[in-house]
>>> print(open('query30.txt').read())   # compact mmCIF, C-alpha atoms and all ligand atoms
# COMPACT_ATOMS: atom_id res chain seq x y z
CA MET X 278 0.00 0.00 0.00
CA ASN X 279 1.43 3.28 -0.99
CA ASN X 280 0.07 6.15 0.98
CA MET X 281 1.89 8.51 -1.32
CA LYS X 282 -0.64 7.89 -4.01
CA ILE X 283 -3.69 8.87 -2.08
CA PHE X 284 -3.90 12.40 -3.32
CA ARG X 285 -3.88 11.57 -6.96
CA ASP X 286 -7.03 12.53 -8.68
CA ARG X 287 -7.41 9.54 -10.85
CA VAL X 288 -10.88 9.45 -12.24
CA ALA X 289 -10.31 8.27 -15.74
CA GLU X 290 -7.44 10.63 -16.37
CA ASN X 291 -5.35 7.70 -17.51
CA GLU X 292 -8.01 5.17 -18.21
CA PRO X 293 -6.31 2.45 -20.24
CA GLY X 294 -7.62 1.93 -23.71
CA ILE X 295 -9.71 5.07 -23.84
CA GLY X 296 -8.42 7.90 -25.89
CA PRO X 297 -9.76 11.41 -25.95
CA SER X 298 -13.01 11.25 -27.83
CA SER X 299 -12.24 14.04 -30.22
CA GLY X 300 -15.12 13.02 -32.42
CA PHE X 301 -17.75 13.46 -29.73
CA ARG X 302 -21.01 14.43 -31.30
CA LYS X 303 -23.30 17.01 -29.84
CA HIS X 304 -26.18 14.76 -28.86
CA ALA X 305 -29.53 16.10 -27.99
CA ARG X 306 -30.22 15.89 -24.28
CA ASN X 307 -30.95 12.33 -23.22
CA PRO X 308 -34.71 12.28 -22.47
CA ALA X 309 -34.08 9.77 -19.67
CA ILE X 310 -32.07 12.38 -17.77
CA PRO X 311 -34.40 14.66 -15.84
CA MET X 312 -34.20 18.29 -16.80
CA THR X 313 -32.85 20.33 -13.98
CA THR X 314 -31.63 23.81 -13.31
CA PRO X 315 -27.97 23.76 -12.32
CA PRO X 316 -27.69 24.21 -8.56
CA PRO X 317 -26.17 27.43 -7.19
CA PRO X 318 -22.38 27.39 -7.50
CA HIS X 319 -20.56 25.90 -4.52
CA ALA X 320 -17.06 26.75 -3.29
CA VAL X 321 -15.22 24.76 -5.96
CA ALA X 322 -17.45 26.09 -8.73
CA ARG X 323 -16.78 29.65 -7.57
CA LEU X 324 -13.05 28.98 -7.42
CA ARG X 325 -13.21 27.58 -10.95
CA THR X 326 -15.03 30.67 -12.20
CA ALA X 327 -12.46 32.95 -10.56
CA ARG X 328 -9.61 30.91 -11.99
CA LEU X 329 -11.12 30.98 -15.47
CA ALA X 330 -11.46 34.74 -15.24
CA ARG X 331 -7.71 34.98 -14.63
CA SER X 332 -6.84 32.78 -17.59
CA ALA X 333 -5.19 34.51 -20.50
CA LYS X 334 -6.45 31.83 -22.84
CA PRO X 335 -9.38 29.45 -22.59
CA PHE X 336 -8.73 26.21 -20.76
CA LEU X 337 -9.25 23.28 -23.08
CA ALA X 338 -10.47 20.28 -21.17
CA ARG X 339 -9.05 16.93 -22.14
CA GLY X 340 -11.04 15.41 -24.92
CA GLY X 341 -11.66 18.59 -26.83
CA SER X 342 -13.71 21.68 -26.31
CA THR X 343 -16.59 21.04 -28.64
CA ARG X 344 -18.91 19.53 -26.06
CA THR X 345 -21.47 21.69 -24.39
CA ARG X 346 -20.80 21.21 -20.71
CA CYS X 347 -23.20 21.67 -17.83
CA GLU X 348 -22.17 24.43 -15.43
CA GLY X 349 -23.46 22.42 -12.50
CA CYS X 350 -21.46 19.21 -12.96
CA ARG X 351 -18.93 19.97 -15.75
CA LEU X 352 -20.13 16.95 -17.71
CA PRO X 353 -21.43 17.17 -21.26
CA VAL X 354 -25.09 18.19 -20.99
CA THR X 355 -26.01 14.82 -22.49
CA HIS X 356 -24.57 13.21 -19.36
CA CYS X 357 -25.50 15.79 -16.71
CA THR X 358 -25.71 14.41 -13.15
CA CYS X 359 -27.29 17.48 -11.54
CA ALA X 360 -30.69 15.81 -11.15
CA TRP X 361 -29.19 13.42 -8.58
CA ARG X 362 -26.99 15.84 -6.67
CA THR X 363 -27.78 15.90 -2.97
CA SER X 364 -25.99 17.37 -0.01
CA VAL X 365 -25.97 15.49 3.28
CA PRO X 366 -25.64 17.11 6.72
CA ALA X 367 -22.23 16.46 8.25
CA GLY X 368 -20.64 17.41 11.53
CA ALA X 369 -17.28 17.82 9.83
CA GLY X 370 -16.23 20.30 7.18
CA VAL X 371 -13.73 20.05 4.35
CA CYS X 372 -11.25 22.72 3.33
CA LEU X 373 -9.80 22.06 -0.12
CA LEU X 374 -6.49 23.72 -0.83
CA MET X 375 -6.26 23.39 -4.55
CA ALA X 376 -3.24 23.58 -6.81
CA ASP X 377 -3.59 26.21 -9.49
CA ILE X 378 -4.98 24.11 -12.33
CA GLU X 379 -7.07 21.72 -10.21
CA PRO X 380 -10.38 23.65 -10.25
CA LEU X 381 -10.26 23.70 -14.04
CA LYS X 382 -10.01 19.95 -14.50
CA PRO X 383 -13.39 18.42 -15.33
CA THR X 384 -12.29 15.31 -13.46
CA ASN X 385 -11.37 17.09 -10.24
CA THR X 386 -13.23 15.24 -7.50
CA GLY X 387 -12.97 18.03 -4.94
CA TRP X 388 -16.01 19.30 -6.85
CA LEU X 389 -17.93 16.20 -5.76
CA VAL X 390 -16.99 16.82 -2.11
CA ALA X 391 -18.48 20.30 -2.42
CA ASP X 392 -21.62 18.78 -3.95
CA VAL X 393 -22.23 16.54 -0.94
CA VAL X 394 -20.66 18.17 2.13
CA PRO X 395 -22.43 21.44 2.99
CA ASP X 396 -19.45 23.00 4.74
CA THR X 397 -16.90 22.63 1.98
CA PHE X 398 -14.47 25.49 1.49
CA ALA X 399 -12.07 25.82 -1.42
CA PHE X 400 -9.04 28.01 -1.90
CA GLY X 401 -6.35 28.23 -4.52
CA TRP X 402 -2.88 27.56 -3.17
CA ALA X 403 0.00 29.92 -3.84
CA ARG X 404 3.56 29.53 -2.59
CA THR X 405 4.04 33.16 -1.70
CA SER X 406 0.79 34.09 -0.02
CA ALA X 407 -2.32 32.72 1.63
CA CYS X 408 -5.79 34.02 1.02
CA PRO X 409 -7.06 36.07 4.02
CA ALA X 410 -10.33 34.13 3.96
CA LEU X 411 -8.39 30.88 4.32
CA LEU X 412 -6.43 32.24 7.27
CA ALA X 413 -9.67 33.45 8.87
CA LEU X 414 -11.25 30.01 8.45
CA LEU X 415 -8.24 28.28 10.00
CA ALA X 416 -8.36 30.69 12.93
CA ASP X 417 -12.11 30.29 13.46
CA PRO X 418 -12.61 28.71 16.92
CA ARG X 419 -15.62 26.78 15.66
CA TRP X 420 -13.31 24.51 13.69
CA GLN X 421 -10.53 22.11 14.61
CA PRO X 422 -8.43 21.79 11.46
CA PHE X 423 -6.60 18.56 10.59
CA VAL X 424 -4.12 18.53 7.73
CA VAL X 425 -4.67 15.21 5.94
CA PHE X 426 -1.30 13.95 4.82
CA PRO X 427 0.90 10.84 5.22
CA GLY X 428 2.48 11.10 8.65
CA GLU X 429 5.94 10.00 7.51
CA TYR X 430 6.32 13.36 5.80
CA ALA X 431 5.63 15.36 8.94
CA PRO X 432 8.73 17.13 10.30
CA PRO X 433 10.03 16.08 13.73
CA GLY X 434 7.88 17.44 16.53
CA ARG X 435 4.77 17.84 14.43
CA ALA X 436 1.67 16.23 15.97
CA VAL X 437 0.55 13.27 13.87
CA VAL X 438 -2.79 11.65 14.68
CA GLU X 439 -4.64 8.69 13.25
CA ARG X 440 -7.98 9.41 14.82
CA VAL X 441 -10.25 12.39 14.76
CA HIS X 442 -10.40 13.72 18.26
CA VAL X 443 -11.60 17.26 18.62
CA GLU X 444 -10.36 19.13 21.64
CA HIS X 445 -13.01 21.44 23.04
CA ALA X 446 -15.72 19.60 21.14
CA ASP X 447 -17.99 20.59 24.02
CA GLU X 448 -17.48 24.19 22.97
CA GLY X 449 -18.87 23.38 19.58
CA ARG X 450 -15.65 22.79 17.70
CA ARG X 451 -16.03 20.65 14.63
CA PRO X 452 -13.38 18.80 12.63
CA LEU X 453 -12.24 20.56 9.49
CA PHE X 454 -10.28 18.36 7.11
CA VAL X 455 -7.71 20.28 5.12
CA LEU X 456 -7.11 18.34 1.91
CA LEU X 457 -4.31 19.24 -0.46
CA ASP X 458 -6.00 18.78 -3.81
CA ALA X 459 -3.12 18.42 -6.21
CA THR X 460 -0.80 15.94 -7.86
CA TRP X 461 1.42 14.12 -5.38
CA SER X 462 4.51 16.24 -6.09
CA GLU X 463 2.47 19.44 -5.83
CA ALA X 464 0.87 18.24 -2.60
CA ARG X 465 4.28 17.59 -1.02
CA LYS X 466 5.37 21.10 -1.93
CA MET X 467 2.15 22.55 -0.56
CA PHE X 468 2.59 20.62 2.67
CA ARG X 469 6.17 21.89 3.14
CA LYS X 470 5.55 25.47 2.09
CA SER X 471 2.36 26.38 3.92
CA PRO X 472 3.60 27.67 7.29
CA TYR X 473 0.06 28.60 8.33
CA LEU X 474 -0.80 24.88 8.45
CA ALA X 475 2.10 23.96 10.71
CA ARG X 476 0.22 24.47 13.97
CA PHE X 477 -2.42 21.88 13.16
CA PRO X 478 -2.14 18.13 13.64
CA VAL X 479 -1.48 15.93 10.65
CA LEU X 480 -4.18 13.33 10.16
CA SER X 481 -2.41 10.34 8.69
CA LEU X 482 -4.71 7.75 7.15
CA ARG X 483 -3.48 4.31 8.15
CA PRO X 484 -2.72 1.83 5.38
CA GLU X 485 -5.31 -0.59 6.75
CA GLN X 486 -7.96 2.11 6.59
CA VAL X 487 -7.01 2.79 3.01
CA SER X 488 -6.87 -0.88 2.03
CA GLY X 489 -10.17 -1.59 3.79
CA TYR X 490 -11.66 1.22 1.81
CA VAL X 491 -10.22 -0.09 -1.43
CA LEU X 492 -11.70 -3.52 -0.71
CA ARG X 493 -15.23 -2.30 -0.16
CA ARG X 494 -15.48 -0.05 -3.16
CA SER X 495 -16.09 -1.38 -6.63
CA ARG X 496 -12.89 -0.26 -8.37
CA ARG X 497 -9.73 -2.27 -8.04
CA ASP X 498 -6.67 -0.06 -7.82
CA ASP X 499 -5.34 1.48 -4.65
CA HIS X 500 -5.07 5.12 -5.69
CA LEU X 501 -7.47 7.25 -3.74
CA CYS X 502 -8.72 10.44 -5.31
CA THR X 503 -9.64 13.55 -3.35
CA SER X 504 -13.28 12.62 -2.83
CA GLU X 505 -12.26 9.18 -1.57
CA VAL X 506 -9.84 10.70 0.93
CA ALA X 507 -12.64 13.01 2.05
CA SER X 508 -14.97 10.03 2.40
CA LEU X 509 -12.48 8.25 4.66
CA CYS X 510 -12.09 11.38 6.78
CA LEU X 511 -15.86 11.77 7.12
CA ALA X 512 -16.12 8.15 8.23
CA LEU X 513 -13.43 8.75 10.87
CA ALA X 514 -15.40 11.75 12.11
CA GLY X 515 -18.58 9.69 12.48
CA ASP X 516 -20.27 11.17 9.41
CA ALA X 517 -21.07 7.74 7.98
CA ARG X 518 -24.00 8.84 5.86
CA ALA X 519 -22.09 11.67 4.20
CA SER X 520 -19.17 9.29 3.66
CA ARG X 521 -21.31 6.67 1.91
CA THR X 522 -23.15 9.27 -0.11
CA LEU X 523 -19.88 10.74 -1.34
CA ASP X 524 -18.67 7.29 -2.42
CA ALA X 525 -21.88 6.62 -4.31
CA TRP X 526 -21.77 10.07 -5.86
CA LEU X 527 -18.25 9.46 -7.14
CA GLU X 528 -19.49 6.26 -8.78
CA VAL X 529 -22.36 8.07 -10.49
CA PHE X 530 -20.00 10.81 -11.69
CA THR X 531 -17.40 8.32 -12.92
CA HIS X 532 -20.03 6.30 -14.77
CA HIS X 533 -21.46 9.35 -16.53
CA TYR X 534 -17.98 10.64 -17.33
CA LEU X 535 -16.83 7.38 -18.90
CA GLN X 536 -20.06 6.88 -20.81
CA ALA X 537 -19.65 10.37 -22.25
CA ARG X 538 -16.13 9.51 -23.37
CA HIS X 539 -17.39 6.33 -24.99
CA GLN X 540 -20.26 8.25 -26.59
CA LEU X 541 -22.74 5.98 -24.87
CA PRO X 542 -25.77 7.05 -22.83
CA PRO X 543 -25.54 6.69 -19.03
CA ALA X 544 -27.18 3.54 -17.71
CA LEU X 545 -29.71 4.86 -15.22
CA ASP X 546 -30.60 1.29 -14.28
CA GLY X 547 -26.95 0.23 -13.96
CA ASP X 548 -24.80 -0.50 -10.92
CA ALA X 549 -23.72 3.06 -10.14
CA HIS X 550 -27.25 4.42 -10.05
CA ALA X 551 -28.50 1.36 -8.16
CA ARG X 552 -25.90 1.99 -5.45
CA TRP X 553 -26.79 5.65 -5.40
CA ARG X 554 -30.48 4.84 -4.87
CA ALA X 555 -29.61 2.32 -2.15
CA VAL X 556 -27.50 4.86 -0.24
CA ARG X 557 -30.17 7.53 -0.59
CA ALA X 558 -32.87 5.15 0.64
CA ALA X 559 -30.89 3.91 3.65
ZN ZN H 601 -25.12 18.99 -14.67
>>> encode(input="query30.txt", output="C-alpha cells")
Amino acid sequence: MNNMKIFRDRVAENEPGIGPSSGFRKHARNPAIPMTTPPPPHAVARLRTARLARSAKPFLARGGSTRTRCEGCRLPVTHCTCAWRTSVPAGAGVCLLMADIEPLKPTNTGWLVADVVPDTFAFGWARTSACPALLALLADPRWQPFVVFPGEYAPPGRAVVERVHVEHADEGRRPLFVLLDATWSEARKMFRKSPYLARFPVLSLRPEQVSGYVLRRSRRDDHLCTSEVASLCLALAGDARASRTLDAWLEVFTHHYLQARHQLPPALDGDAHARWRAVRAA
C-alpha cells in the first residue's frame, strides 16, 4: 500500500484503452435524464469561475472543447448528473487547498466533495501568499483543522494523529479536514511550504484504513482520489451517511464521465445508479 498515491485525482485521467473522444457528437439531451436547473455554485465552482477569469487563454479540457458542458457538474449536458446531486448534513467540514490548475479539470473530484458536504471550502494555493479568507477560516474557533497527509512526511515534533479527536468539542468545535488537492509532487510542496498549516495536527490515514476502503469499493486499484480521501475522513469523524453518499456520488459521476467519453448514454438502471439509490434510501 502506498500512501503517497492517495492524493492523486485519478478518475479516468489515464483510463487504459480510452483515448480522448475528439469526435464526440453534440447529442440532444438524453430524455431519460431529468431536466434540472444547475444548482447554485458551490465553493469549488466559484473557485473555478475565478480561476477561469484569470486565464489569459481558454482552458481546453481533455477530450476537446466542442462539447457543451453543464455548469453544475462539468459533464457534457447529455450526461448531466445534476438531477441526482444531494448534499448530506455532516458534523465535519472540508477545506480544499487546490493547486492552481485543479479547479479547471473536469475530473477534479474536490467538486464532488463540495456537492455533498455542505461545509466545503475551497481556496487556490500559492507559494508566496495565503488568502485572508483561508487564514480566517483556519483561525475560526468553531473549527478544529486537521491537515490530511501521510504522517511520515511530517517534520520532527509535528503532531501526527490517526484518529479524529476534537479538543473542546464541548465548545462546539467541529473537525475541518484540510485536503491538499493536487498531484502528489504538488501536494508535497504545498505541505512543506504552507507555514500557516504547521500548527495543526497531521491526520495520517493508516494503510489498513485505506486498504479496507479499497476492498469495499467497486474499483480495483489502490489510488485514492480527493473525494475518496474526504470520504475516509468523514467516516473517521462519524459522518457515515455523508461518507457513503460521497462514495456513491463518485461512482455516479465516474459512470457518466466514462459513458460520455465512450459516446454511450448513461445507464440509469446500472450499478452506479442502483448503489446511489440504495445509499439515498438507507
Ligand atoms: Zn449537470
>>> residues_near_ligand(input="query30.txt", ligand="ligand ZN 601 (chain H)", cutoff="6 Å", atoms="all atoms listed in the file", output="PyMOL selection string")
chain X and resi 347+349-350+357-359
>>> closest_residue(input="query30.txt", among="X:Gly401, X:Pro472, X:Pro543, X:Pro395", to="Val354 (chain X)", atoms="all atoms listed in the file")
X:Pro543
>>> residues_near_point(input="query30.txt", point="(-6.1, 13.4, 11.3)", cutoff="6 Å", atoms="only C-alpha atoms", output="ChimeraX atom specification")
/X:423,425,438-441,479-481
>>> closest_residue(input="query30.txt", among="X:Thr314, X:His445, X:Val371, X:Leu352", to="Leu509 (chain X)", atoms="all atoms listed in the file")
X:Val371
>>> residues_around(input="query30.txt", residues="Arg450 (chain X)", least_positions_apart="2", cutoff="8 Å", atoms="all atoms listed in the file", output="list in words")
Pro418, Arg419, Trp420, Gln421, Val443, Glu444, His445, Ala446, Asp447, Glu448 and Pro452 of chain X
>>> residues_around(input="query30.txt", residues="Thr531 (chain X)", least_positions_apart="2", cutoff="9 Å", atoms="only C-alpha atoms", output="list in words")
Val288, Ala289, Thr384, Trp526, Leu527, Glu528, Val529, His533, Tyr534, Leu535, Gln536 and Ala549 of chain X
>>> closest_residue(input="query30.txt", among="X:Cys372, X:Leu482, X:Ala464, X:Ala551", to="Trp388 (chain X)", atoms="all atoms listed in the file")
X:Cys372
>>> atom_distance(input="query30.txt", atom1="CA of Ala367 (chain X)", atom2="CA of Ser520 (chain X)")
9.0 Å
>>> residues_around(input="query30.txt", residues="Thr522 (chain X)", least_positions_apart="4", cutoff="10 Å", atoms="all atoms listed in the file", output="list of chain:residue names")
X:Thr363, X:Ser364, X:Val365, X:Val390, X:Val393, X:Val394, X:Ser508, X:Ala517, X:Arg518, X:Trp526, X:Leu527, X:Glu528, X:Arg552, X:Trp553, X:Arg554, X:Ala555, X:Val556, X:Arg557
